[in-house]
Every structure is written in C-alpha cells, then in structure tokens.
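Since the structure comes first, as structure tokens, the remarks are kept for the end.
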Amino acid sequence: MRQTRPDTDCCKIIFLGDSITQAGVLQDGYIALAAEQITQQYPYLAIELVGAGINGHKVLNCLKRLDRDVLQKNPSIVVIYIGVNDVWHWQQQRGTTAEDFESGLRDMIARIHLQGAKVILCTPSVIGEKTDATNKYDNMLDAYAQISRTVAHESGSQLLDLRVEFLRYIQVHNPDNAATGILTKDGVHLNKAGNHFLSQLVLGALTRSLG
C-alpha cells in the first residue's frame with residue numbers, strides 16, 4: 001500500500017544521478033543555482049535540495065544505493081536524472097540493455113512512490129551536440145529517452161524531458177554544428193550555460209510539483 005506523506009512545512013528534494021548531478025551541487029552547478037531560486041520562491045517552506053550523484057553511475061547502480069542515498073533521507077520529491085552513461089558506456093561494452101534500463105527505472109520509482117514521495121523523471125539529455133543527427137549515440141539515446149517517457153507516464157511520475165529541451169536549445173544556438181561547447185564541455189558534462197539552462201528547467205519542474 002502506498003503511504004501518504006503528512007502535510008509539512010519542510011521539503012527535502014533529492015537529485016539521484018551520475019557525474020552530471022554530482023557536479024550539480026558545486027558552485028554554479030544546476031542544483032546549487034536551482035536551490036538559490038526556489039528558496040526565494042517558497043520562503044515559507046524549509047526546502048533543501050540534496051545531490052546524490054556519483055560519477056559513472058547507471059540505472060542499476062542507482063537502484064543498488066536507493067535505500068542509502070534516497071529513501072533513508074525521507075525525501076518529499078526525488079528527481080531522477082539517469083541514462084547518459086547507460087548509453088555512453090556501450091563504447092566500452094558496459095552499457096545497460098534497454099530491458100534493464102526500463103526495469104531499473106520502474107523498480108526505483110515504485111519504491112520511491114511506496115514511501116510517499118513524488119518522482120520527477122528526466123530523460124537522458126545529450127552525448128554530443130551536433131545538430132545534424134550524426135552524434136554517434138543519437139539513435140540509442142532517443143530510444144532510451146522514449147523508455148523514460150513511457151515509464152513516467154505509466155508510473156504516474158512527472159516527466160522532465162531533457163532530451164527534447166536540450167535538442168531544441170542546441171538547434172537554435174549551434175549554427176556551426178559543433179560537437180561540444182554549447183551546453184556541455186565535452187558533449188556530456190555541463191558547462192556554465194548548460195548548468196544555467198538545466199537549473200531553469202529544474203526550477204520549472206519543481207514549481208509544478210510543489211504547486
């Protein structure tokens with residue numbers, strides 16, 4: 001049976017993910033930037049944004065540490081941003097199959113919902129920033145993003161479609177079809193513009209979730 005969280009003036013929001021999220025808590029990282037803005041927007045709530053990102057992690061890694069890094073901290077909202085490494089690591093034959101990716105997401109979300117917390121599920125964003133669909137993993141990333149969309153819909157989770165939002169931004173701001181340097185430093189990890197852009201997307205999603 002799904003538990004119901006009592007009304008409270010405190011709200012802990014945990015960001016579960018990989019190195020992108022790990023860096024998000026640093027100064028000018030997307031979590032730190034979102035935290036500054038959301039505490040101003042909701043001064044009557046004791047909102048705490050907590051990073052739970054670890055370099056190199058994939059969906060199954062996050063599933064293994066879900067209790068320790070998320071559930072034991074009793075969050076109100078969990079933002080899951082995972083999937084880039086699940087695709088990217090196929091270059092070393094260590095990626096995650098589509099089946100394991102989907103089942104891992106479903107298991108995580110079910111356990112979070114059982115505790116009474118909300119989930120905001122992000123689609124994986126980019127591996128390379130070329131605008132002509134020639135990034136090596138574009139097709140696979142699109143497929144895994146679609147898995148995330150389906151899981152979000154079927155689990156009743158809020159979706160934050162980073163794949164769509166990043167591609168839309170890059171189409172406008174990358175007229176030279178550069179592989180990196182628009183929202184990322186290396187095609188994956190965010191630069192200053194990327195952190196600012198993602199912080200605004202996160203802020204919008206949290207605003208919808210908090211009401």
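Each chain in the structure tokens gets a letter, A, B, ..., in the order shown, and its residues are numbered from 1; ligands are numbered from 1 in order too.
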Determine which residues of range 71-206 of chain A DSSP labels as alpha helix (DSSP H) from the backbone of this structure, then write them out as JSON, numbers by chain.
{"A": [84, 85, 86, 87, 88, 98, 99, 100, 101, 102, 103, 104, 105, 106, 107, 108, 109, 110, 111, 112, 113, 114, 138, 139, 140, 141, 142, 143, 144, 145, 146, 147, 148, 149, 150, 151, 152, 153, 154, 155, 162, 163, 164, 165, 166, 167, 168, 169, 170, 171, 172, 173, 192, 193, 194, 195, 196, 197, 198, 199, 200, 201, 202, 203, 204, 205, 206]}
Do a neighbour search on His189 in chain A at 10 Å with only C-alpha atoms, toss out local chain neighbours closer than 2 positions, and write the hits as a list in words.
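So, after excluding close chain neighbours, the residues are Ser19, Ile20, Thr21, Ala23, Val126, Ile127, Gly128, Thr180, Leu183, Thr184, Lys185, Asp186, Gly187, Asn191, Gly194 and Asn195 of chain A.
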Generate the output file for the selected residues, C-alpha atoms, as a PDB file, in the first residue's frame.
ATOM      1  CA  SER A  19      28.508  12.760 -12.590  1.00  0.00           C
ATOM      2  CA  ILE A  20      26.312  15.478 -14.105  1.00  0.00           C
ATOM      3  CA  THR A  21      24.316  15.518 -10.886  1.00  0.00           C
ATOM      4  CA  ALA A  23      28.771  18.310 -10.215  1.00  0.00           C
ATOM      5  CA  VAL A 126      22.867  14.562 -24.963  1.00  0.00           C
ATOM      6  CA  ILE A 127      26.031  12.710 -25.915  1.00  0.00           C
ATOM      7  CA  GLY A 128      27.444  15.178 -28.403  1.00  0.00           C
ATOM      8  CA  THR A 180      30.658  20.443 -27.959  1.00  0.00           C
ATOM      9  CA  LEU A 183      25.609  23.353 -23.240  1.00  0.00           C
ATOM     10  CA  THR A 184      28.461  20.951 -22.479  1.00  0.00           C
ATOM     11  CA  LYS A 185      32.224  20.963 -22.057  1.00  0.00           C
ATOM     12  CA  ASP A 186      32.765  17.600 -23.714  1.00  0.00           C
ATOM     13  CA  GLY A 187      29.474  16.579 -25.259  1.00  0.00           C
ATOM     14  CA  ASN A 191      29.385  23.962 -18.939  1.00  0.00           C
ATOM     15  CA  GLY A 194      24.341  24.176 -19.528  1.00  0.00           C
ATOM     16  CA  ASN A 195      24.118  24.418 -15.757  1.00  0.00           C
TER      17      ASN A 195
END
Please, which residues of range 106-142 of chain A, numbered as in this document, come out strand (DSSP E) from DSSP, as a count of residues only?
5
Can you pull out the residues contacting range 63-71 of chain A? Cut-off 9 Å, using only C-alpha atoms, and skip same-chain residues under 3 positions away; I want them as a ChimeraX atom specification.
/A:14-16,52,58-60,74-75,78,104-105,107-108,111-112,115
Take the selection from the previous step and output its residues with C-alpha atoms, as a PDB file, in the first residue's frame.
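Listing of again26.pdb after writing:
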ATOM      1  CA  ILE A  14      16.936  14.635  -3.664  1.00  0.00           C
ATOM      2  CA  PHE A  15      18.624  14.519  -7.074  1.00  0.00           C
ATOM      3  CA  LEU A  16      19.646  10.985  -7.989  1.00  0.00           C
ATOM      4  CA  ALA A  52      23.014  12.138  -4.787  1.00  0.00           C
ATOM      5  CA  LYS A  58      23.966   3.958 -14.395  1.00  0.00           C
ATOM      6  CA  VAL A  59      20.414   2.985 -13.523  1.00  0.00           C
ATOM      7  CA  LEU A  60      21.366  -0.271 -11.796  1.00  0.00           C
ATOM      8  CA  ASN A  74      12.869  10.685   3.723  1.00  0.00           C
ATOM      9  CA  PRO A  75      12.528  12.950   0.676  1.00  0.00           C
ATOM     10  CA  VAL A  78      13.104  12.688  -5.960  1.00  0.00           C
ATOM     11  CA  GLY A 104      15.507  -0.433 -13.191  1.00  0.00           C
ATOM     12  CA  LEU A 105      13.554   2.774 -13.604  1.00  0.00           C
ATOM     13  CA  ASP A 107      11.692  -0.567  -9.660  1.00  0.00           C
ATOM     14  CA  MET A 108      13.199   2.691  -8.389  1.00  0.00           C
ATOM     15  CA  ARG A 111       9.957   2.051  -4.196  1.00  0.00           C
ATOM     16  CA  ILE A 112      10.036   5.847  -4.024  1.00  0.00           C
ATOM     17  CA  GLN A 115       7.460   5.694   0.653  1.00  0.00           C
TER      18      GLN A 115
END
Shell around Gly204 in chain A at 12 Å using only C-alpha atoms, local window under 6 positions removed, as an NGL selection string:
:A and (34 or 37-38 or 41 or 120 or 158-161 or 197-198 or 210-211)
Proximity check range 22-123 of chain A to range 138-153 of chain A, 10 Å, nearest pairs one decimal Å, only C-alpha atoms, as a tab-separated table:
residue	atom	partner	partner_atom	distance
A:Ile82	CA	A:Ser148	CA	9.4
A:Gly83	CA	A:Tyr144	CA	7.2
A:Val84	CA	A:Leu141	CA	7.6
A:Asp86	CA	A:Tyr144	CA	8.7
A:Val87	CA	A:Leu141	CA	6.5
A:Trp88	CA	A:Leu141	CA	8.7
A:Thr96	CA	A:Tyr144	CA	10.0
A:Thr97	CA	A:Tyr144	CA	9.5
A:Ala98	CA	A:Tyr144	CA	6.8
A:Glu99	CA	A:Ile147	CA	9.3
A:Phe101	CA	A:Tyr144	CA	7.9
A:Glu102	CA	A:Ile147	CA	6.3
A:Ser103	CA	A:Val151	CA	9.1
A:Leu105	CA	A:Val151	CA	7.3
A:Arg106	CA	A:Val151	CA	6.6
A:Ile109	CA	A:Ala152	CA	8.8
A:Val119	CA	A:Ala152	CA	8.7
A:Ile120	CA	A:Ala152	CA	8.2
A:Leu121	CA	A:Ala152	CA	6.4
A:Cys122	CA	A:Ser148	CA	7.3
A:Thr123	CA	A:Ala145	CA	4.9
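Across the structure, CA of Gln22 in chain A and CA of Val188 in chain A are spaced 13.2 Å apart.
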Within 8 Å of Ile13 in chain A using only C-alpha atoms, minus same-chain residues under 3 positions, as a ChimeraX atom specification:
/A:47-50,75-79
Residues just named, written with N, CA and C atoms as a CSV table (one decimal), in the first residue's frame:
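result_35.csv, written as the output of this step:
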chain,number,residue,atom,x,y,z
A,47,ILE,N,12.9,24.3,2.3
A,47,ILE,CA,13.3,23.5,1.2
A,47,ILE,C,14.8,23.2,1.2
A,48,GLU,N,15.1,21.9,1.1
A,48,GLU,CA,16.5,21.5,1.0
A,48,GLU,C,16.7,20.7,-0.3
A,49,LEU,N,17.6,21.1,-1.1
A,49,LEU,CA,18.0,20.3,-2.3
A,49,LEU,C,19.3,19.6,-2.0
A,50,VAL,N,19.2,18.3,-2.2
A,50,VAL,CA,20.3,17.4,-1.9
A,50,VAL,C,20.8,16.6,-3.1
A,75,PRO,N,12.8,11.8,1.6
A,75,PRO,CA,12.5,13.0,0.7
A,75,PRO,C,11.0,13.2,0.4
A,76,SER,N,10.7,14.4,0.0
A,76,SER,CA,9.4,14.7,-0.5
A,76,SER,C,9.3,14.5,-2.0
A,77,ILE,N,10.4,14.8,-2.7
A,77,ILE,CA,10.5,14.7,-4.1
A,77,ILE,C,11.8,14.1,-4.5
A,78,VAL,N,11.9,13.2,-5.5
A,78,VAL,CA,13.1,12.7,-6.0
A,78,VAL,C,13.2,13.0,-7.5
A,79,VAL,N,14.2,13.7,-7.8
A,79,VAL,CA,14.5,13.9,-9.3
A,79,VAL,C,15.5,12.9,-9.8
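Closest to Ala35 in chain A among A:Ala117, A:Ala193, A:Cys11, A:Val172 is A:Cys11, based on only C-alpha atoms.
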Of the residues A:Leu203, A:Ala32, A:Cys62, A:Leu45, which is the one nearest to Asp18 in chain A, using only C-alpha atoms?
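The answer is A:Cys62, which sits nearest to Asp18 in chain A.
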